[in-house]
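So this one's work13.cif, mmCIF, C-alpha atoms:
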```
data_structure
#
loop_
_atom_site.label_atom_id
_atom_site.label_comp_id
_atom_site.auth_asym_id
_atom_site.auth_seq_id
_atom_site.Cartn_x
_atom_site.Cartn_y
_atom_site.Cartn_z
CA MET A 1 93.37 115.65 76.84
CA SER A 2 91.06 112.86 75.78
CA GLN A 3 87.49 112.93 77.03
CA PRO A 4 85.87 109.85 78.62
CA TYR A 5 83.86 107.70 76.25
CA ASN A 6 80.09 107.65 76.00
CA ILE A 7 79.41 110.85 77.91
CA GLY A 8 75.93 112.07 77.10
CA GLU A 9 74.49 108.63 76.40
CA PRO A 10 71.59 107.37 78.54
CA PRO A 11 72.55 105.78 81.86
CA VAL A 12 73.13 102.04 81.80
CA GLY A 13 70.05 100.20 83.11
CA GLY A 14 69.90 97.64 85.86
CA ARG A 15 69.57 97.53 89.60
CA GLY A 16 72.18 98.83 92.00
CA GLY A 17 74.68 96.74 93.88
CA THR A 18 78.24 95.62 93.36
CA PRO A 19 78.52 94.28 89.81
CA GLN A 20 79.79 90.80 89.15
CA LYS A 21 83.14 90.46 87.44
CA GLN A 22 82.66 90.51 83.70
CA GLN A 23 84.65 91.15 80.57
CA LEU A 24 84.06 94.73 79.47
CA ALA A 25 85.05 96.44 76.25
CA ALA A 26 88.12 98.63 76.54
CA PRO A 27 86.20 101.92 76.21
CA LYS A 28 83.94 101.02 79.15
CA ASN A 29 86.95 100.00 81.22
CA VAL A 30 88.44 103.40 80.45
CA ASN A 31 85.31 105.01 81.87
CA LEU A 32 85.39 102.74 84.91
CA GLN A 33 89.00 103.68 85.62
CA PHE A 34 88.16 107.37 85.23
CA LEU A 35 85.32 106.74 87.68
CA ASP A 36 87.54 105.09 90.30
CA ASP A 37 90.07 107.90 90.03
CA THR A 38 87.40 110.62 90.18
CA TRP A 39 85.90 108.93 93.24
CA GLU A 40 89.32 108.89 94.90
CA ARG A 41 89.81 112.60 94.27
CA LEU A 42 86.36 113.48 95.59
CA LEU A 43 86.95 111.62 98.86
CA ASN A 44 90.39 113.20 99.08
CA ALA A 45 88.77 116.63 98.83
CA MET A 46 86.26 115.60 101.50
CA GLU A 47 89.08 114.53 103.82
CA ARG A 48 90.81 117.85 103.22
CA LEU A 49 87.54 119.56 104.18
CA GLU A 50 87.45 117.56 107.42
CA GLN A 51 90.97 118.64 108.25
CA VAL A 52 90.34 122.31 107.50
CA THR A 53 86.97 122.61 109.27
CA GLU A 54 87.32 120.11 112.13
CA GLY A 55 90.97 119.28 112.53
CA PHE A 56 89.86 115.68 111.90
CA ARG A 57 92.49 113.59 110.13
CA ALA A 58 91.44 110.07 109.11
CA LEU A 59 92.98 109.65 105.69
CA SER A 60 91.93 106.92 103.27
CA ALA A 61 92.03 108.69 99.89
CA THR A 62 95.59 109.88 99.34
CA ARG A 63 96.47 107.63 96.39
CA LEU A 64 96.14 110.45 93.85
CA ASP A 65 96.69 113.44 96.14
CA ASN A 66 98.74 115.90 94.10
CA HIS A 67 97.95 118.96 96.21
CA LEU A 68 101.04 121.02 96.84
CA ASP A 69 99.95 121.44 100.48
CA ARG A 70 98.99 117.81 101.09
CA ASP A 71 101.19 117.51 104.20
CA ALA A 72 100.17 120.84 105.74
CA ILE A 73 96.97 122.22 104.22
CA ALA A 74 97.20 125.95 103.60
CA GLU A 75 93.96 126.28 101.64
CA ASP A 76 90.99 127.84 103.43
CA GLU A 77 87.54 126.30 103.86
CA LEU A 78 86.03 128.08 100.89
CA GLY A 79 88.77 126.88 98.57
CA VAL A 80 88.38 123.27 99.71
CA ARG A 81 84.58 123.42 99.50
CA THR A 82 84.84 124.81 95.97
CA GLU A 83 87.00 121.83 95.01
CA VAL A 84 84.47 119.43 96.57
CA HIS A 85 81.75 121.07 94.45
CA LEU A 86 83.79 120.68 91.28
CA GLN A 87 84.67 117.07 92.06
CA ILE A 88 80.98 116.20 92.52
CA VAL A 89 80.21 117.79 89.15
CA CYS A 90 83.04 115.72 87.65
CA LEU A 91 81.60 112.59 89.27
CA GLN A 92 78.16 113.32 87.83
CA ARG A 93 79.65 113.47 84.34
CA ILE A 94 81.91 110.43 84.66
CA VAL A 95 79.40 108.09 86.34
CA HIS A 96 76.66 108.77 83.79
CA PRO A 97 77.54 106.11 81.17
CA VAL A 98 78.58 103.44 83.72
CA ARG A 99 76.12 104.07 86.53
CA SER A 100 75.10 100.45 87.12
CA GLU A 101 78.73 99.30 87.34
CA GLY A 102 79.50 102.21 89.69
CA GLN A 103 77.02 101.32 92.41
CA TRP A 104 79.83 99.80 94.49
CA MET A 105 80.55 103.39 95.50
CA ILE A 106 77.38 103.46 97.63
CA ASP A 107 78.69 100.99 100.21
CA ASP A 108 82.18 102.42 99.88
CA PHE A 109 80.90 105.89 100.75
CA LEU A 110 78.80 104.58 103.64
CA SER A 111 81.79 102.78 105.13
CA TRP A 112 83.86 105.94 104.63
CA PHE A 113 81.08 108.03 106.18
CA GLY A 114 80.84 105.58 109.07
CA GLY A 115 84.27 106.84 110.09
CA ARG A 116 82.54 110.07 111.13
CA ALA A 117 80.39 108.28 113.72
CA GLY A 118 80.18 110.13 117.02
CA ARG A 119 81.35 113.46 115.63
CA GLU A 120 79.32 116.66 115.65
CA ILE A 121 77.55 117.42 112.36
CA ALA A 122 79.94 119.55 110.33
CA ALA A 123 80.64 120.83 106.83
CA ALA A 124 81.63 117.42 105.45
CA ASP A 125 78.26 115.95 106.46
CA THR A 126 76.39 118.44 104.28
CA TYR A 127 77.83 116.77 101.17
CA ALA A 128 76.83 113.19 102.05
CA VAL A 129 73.33 113.34 100.58
CA PRO A 130 74.37 115.14 97.35
CA ILE A 131 77.19 112.63 96.77
CA LEU A 132 74.93 109.61 97.24
CA LEU A 133 72.17 111.10 95.07
CA CYS A 134 74.75 111.82 92.38
CA VAL A 135 75.84 108.17 92.36
CA LEU A 136 72.21 107.03 92.25
CA GLY A 137 71.43 109.38 89.37
CA ALA A 138 68.83 111.33 91.35
CA PRO A 139 68.57 115.14 91.41
CA TYR A 140 70.69 116.74 94.10
CA GLN A 141 71.46 120.19 95.43
CA LEU A 142 74.89 121.24 96.63
CA PRO A 143 75.29 123.29 99.81
CA SER A 144 75.29 127.00 99.12
CA LEU A 145 78.51 128.97 99.04
CA ASP A 146 76.57 132.24 98.99
CA GLU A 147 77.66 133.23 102.48
CA VAL A 148 81.14 133.81 101.06
CA GLN A 149 81.41 134.23 97.32
CA PRO A 150 84.45 132.41 95.90
CA SER A 151 86.93 134.70 94.24
CA GLU A 152 88.32 134.07 90.78
CA GLN A 153 91.47 132.79 92.48
CA ASP A 154 89.46 130.34 94.62
CA ILE A 155 87.81 128.94 91.50
CA LEU A 156 91.12 128.85 89.65
CA ASP A 157 92.83 126.98 92.49
CA ALA A 158 90.00 124.44 92.70
CA THR A 159 89.93 123.98 88.93
CA GLU A 160 93.68 123.43 88.86
CA ALA A 161 93.29 120.79 91.57
CA VAL A 162 90.80 118.99 89.34
CA ALA A 163 92.97 119.44 86.26
CA ARG A 164 96.03 118.00 87.99
CA GLY A 165 94.03 114.85 88.55
CA LEU A 166 93.00 114.56 84.91
CA HIS A 167 96.39 114.85 83.24
CA GLU A 168 96.79 111.06 83.28
CA SER A 169 93.70 110.55 81.09
CA ASP A 170 95.61 109.87 77.89
CA ARG A 171 97.76 107.24 79.61
CA ILE A 172 94.71 105.50 81.08
CA GLU A 173 93.04 105.38 77.68
CA GLU A 174 96.17 104.08 76.00
CA ARG A 175 96.67 101.37 78.64
CA PHE A 176 93.18 99.91 78.28
CA LEU A 177 93.12 100.13 74.50
CA LYS A 178 96.41 98.20 74.39
CA ASP A 179 95.14 95.58 76.83
CA PRO A 180 91.34 95.12 76.59
CA ALA A 181 91.57 92.32 79.19
CA ALA A 182 92.78 94.75 81.86
CA GLU A 183 90.27 95.53 84.59
CA ALA A 184 89.54 98.90 86.13
CA SER A 185 90.31 99.27 89.82
CA GLN A 186 87.80 99.75 92.62
CA HIS A 187 89.71 101.22 95.55
CA GLN A 188 88.01 100.97 98.93
CA HIS A 189 87.97 103.67 101.62
CA GLN A 190 86.81 101.87 104.73
CA ARG A 191 87.07 104.14 107.77
CA GLY A 192 84.08 102.61 109.55
CA ASP A 193 81.32 100.25 108.51
CA VAL A 194 78.23 100.54 106.35
CA ASP A 195 75.80 100.33 109.27
CA ALA A 196 77.52 103.21 111.05
CA GLY A 197 77.36 105.20 107.83
CA LEU A 198 73.64 104.49 107.46
CA ASP A 199 73.02 105.53 111.08
CA ARG A 200 74.76 108.84 110.49
CA LEU A 201 72.99 109.35 107.17
CA ALA A 202 69.65 108.80 108.94
CA LEU A 203 70.37 111.92 111.00
CA LEU A 204 70.54 113.92 107.78
CA ASP A 205 68.05 112.18 105.47
CA PRO A 206 66.04 109.31 106.99
CA HIS A 207 64.26 108.54 103.70
CA LEU A 208 67.49 108.08 101.75
CA ALA A 209 69.01 106.05 104.58
CA GLY A 210 65.96 103.78 104.60
CA TYR A 211 66.22 103.24 100.85
CA LEU A 212 69.92 102.37 101.02
CA ALA A 213 69.33 100.01 103.95
CA ILE A 214 67.34 97.76 101.58
CA ALA A 215 69.39 95.00 99.97
CA PRO A 216 70.47 96.17 96.49
CA ALA A 217 68.61 93.35 94.72
CA GLU A 218 65.38 94.31 96.50
CA ARG A 219 65.50 98.11 96.14
CA PRO A 220 63.26 99.90 93.67
CA GLU A 221 65.29 100.46 90.52
CA ARG A 222 65.06 104.24 90.77
CA TYR A 223 65.27 106.31 93.91
CA GLU A 224 62.40 108.76 94.18
CA ARG A 225 62.63 111.66 96.58
CA PRO A 226 59.55 112.09 98.78
CA GLU A 227 57.31 115.03 98.00
CA ALA A 228 57.97 118.09 100.11
CA THR A 229 55.79 118.32 103.18
CA PRO A 230 53.26 121.15 102.72
CA LEU A 231 54.00 124.20 104.85
#
```
Translate the structure described by the file into structure tokens.
Amino acid sequence: MSQPYNIGEPPVGGRGGTPQKQQLAAPKNVNLQFLDDTWERLLNAMERLEQVTEGFRALSATRLDNHLDRDAIAEDELGVRTEVHLQIVCLQRIVHPVRSEGQWMIDDFLSWFGGRAGREIAAADTYAVPILLCVLGAPYQLPSLDEVQPSEQDILDATEAVARGLHESDRIEERFLKDPAAEASQHQHQRGDVDAGLDRLALLDPHLAGYLAIAPAERPERYERPEATPL
């Protein structure tokens, strides 16, 4: 399986915000398509987590859902959470060389997250801050799974779920190399609106919510976490 281009290079500079349409070299478009597909799979895993932990079904990310139990989820919470963890790690790797072009995911996530407005804080909410920090390129910490250690089978199942999503990589690369004028997709997952997403995020991390409430062109280029309050 081919690996995405440019992994390991420094992040692309520039302020956040939805990028303007521009002609990109085929290798970068390959990365951008990998990014859109990885984003889709992460939100799909998040929606599976909602279903398993809350019985909440508001699906917007089923385009690439290849789970064998997609119509009646049989996987337990730990298995789904393990997949969410792996998908975030995948996102961190894929977004790295195209971070500035990938900032559209901020508003997309907030509108997706806005679909949780009015619900009790639950497992899915604990991943909101790590996901957004990952997109921004800031350090993040995933929720602990220490309360129940994943078994080898849990990890294998989650890894296979990720691998099933990556088997199209060679075809994506071939398509963009054959047609450099082709554009990568940016699928939207609007379940609510950005303001509702920001309001819910403020319950979890007011500082991050305040930063993202600033217009992209006016935000500081890098997001800096506040220093921990002394005990």
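We find CA of Asn29 (chain A) and CA of Gly114 (chain A) to be spaced 29.1 Å apart.
Minimum atom-to-atom distance to Leu136 (chain A), evaluated using all atoms listed in the file, belongs to A:Pro216 out of A:Pro27, A:Pro226, A:Pro216, A:Pro206.
Shortest atom-to-atom contact with His96 (chain A) among A:Gly115, A:Gly137, A:Gly197, A:Gly79: A:Gly137, counting all atoms listed in the file.
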_List the spatial neighbours of region 48-62 of chain A as a PyMOL selection string - criterion: any atom at most 6 Å away, all atoms listed in the file, same-chain residues fewer than 6 positions off excluded._
chain A and resi 40+80+189
*Tell me which residues the PyMOL selection byres ((chain A and resi 91) around 12) grabs here, as a PyMOL selection string.*
chain A and resi 4+7+31-32+34-43+84-90+92-99+102+105+130-137+162
*Selected residue, from A:Leu145, A:Ala196, A:Leu68, A:Ala74, that lies nearest to Arg116 (chain A) when counting only C-alpha atoms*: A:Ala196
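One distance worth recording is that between CA of Asp108 (chain A) and CA of Gln188 (chain A), which is 6.1 Å.
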*asked:* Suppose a student applies the PyMOL selection byres ((chain A and resi 201) around 9) to this structure; what residues should they get, written as a PyMOL selection string?
replied: chain A and resi 110+113-114+125+128-129+196-200+202-206+208-209
*What gap, in Å, lies between CA of Tyr140 (chain A) and CA of Ala215 (chain A)?*
22.6 Å
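Every protein or nucleic acid residue with an atom no more than 9 Å from Asp107 (chain A), counting only C-alpha atoms and leaving out same-chain residues fewer than 2 positions away, appears here: A:Gly17, A:Thr18, A:Gln103, A:Trp104, A:Met105, A:Phe109, A:Leu110, A:Ser111, A:Trp112, A:Asp193, A:Val194, A:Gly197, A:Leu212.
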*Identify which of the residues A:Val30, A:Ala117, A:Met46, A:Ile106 lies closest to Lys178 (chain A), counting all atoms listed in the file when measuring atom-to-atom distances.*
A:Val30
For region 68-79 of chain A, where the input has fewer atoms than it should, I would like N, CA and C atoms rebuilt and written as a short mmCIF file (atom, residue, chain, number, x, y, z; two decimals), keeping the file's coordinate frame.
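Result file follows (rebuild.cif):
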```cif
data_model
loop_
_atom_site.label_atom_id
_atom_site.label_comp_id
_atom_site.auth_asym_id
_atom_site.auth_seq_id
_atom_site.Cartn_x
_atom_site.Cartn_y
_atom_site.Cartn_z
N LEU A 68 99.72 120.56 96.41
CA LEU A 68 101.04 121.02 96.84
C LEU A 68 101.12 121.14 98.36
N ASP A 69 99.96 121.29 99.02
CA ASP A 69 99.95 121.44 100.48
C ASP A 69 99.41 120.18 101.17
N ARG A 70 99.61 119.03 100.57
CA ARG A 70 98.99 117.81 101.09
C ARG A 70 99.46 117.48 102.51
N ASP A 71 100.67 117.86 102.87
CA ASP A 71 101.19 117.51 104.20
C ASP A 71 100.89 118.57 105.25
N ALA A 72 100.53 119.76 104.81
CA ALA A 72 100.17 120.84 105.74
C ALA A 72 99.24 121.78 104.97
N ILE A 73 97.95 121.52 105.06
CA ILE A 73 96.97 122.22 104.22
C ILE A 73 96.96 123.71 104.52
N ALA A 74 97.20 124.49 103.47
CA ALA A 74 97.20 125.95 103.60
C ALA A 74 95.93 126.56 103.04
N GLU A 75 95.18 125.78 102.27
CA GLU A 75 93.96 126.28 101.64
C GLU A 75 92.88 126.52 102.69
N ASP A 76 92.05 127.55 102.46
CA ASP A 76 90.99 127.84 103.43
C ASP A 76 89.74 127.01 103.12
N GLU A 77 88.75 127.11 104.00
CA GLU A 77 87.54 126.30 103.86
C GLU A 77 86.84 126.54 102.53
N LEU A 78 86.74 127.79 102.12
CA LEU A 78 86.03 128.08 100.89
C LEU A 78 86.71 127.43 99.69
N GLY A 79 88.05 127.49 99.66
CA GLY A 79 88.77 126.88 98.57
C GLY A 79 88.56 125.37 98.51
#
```
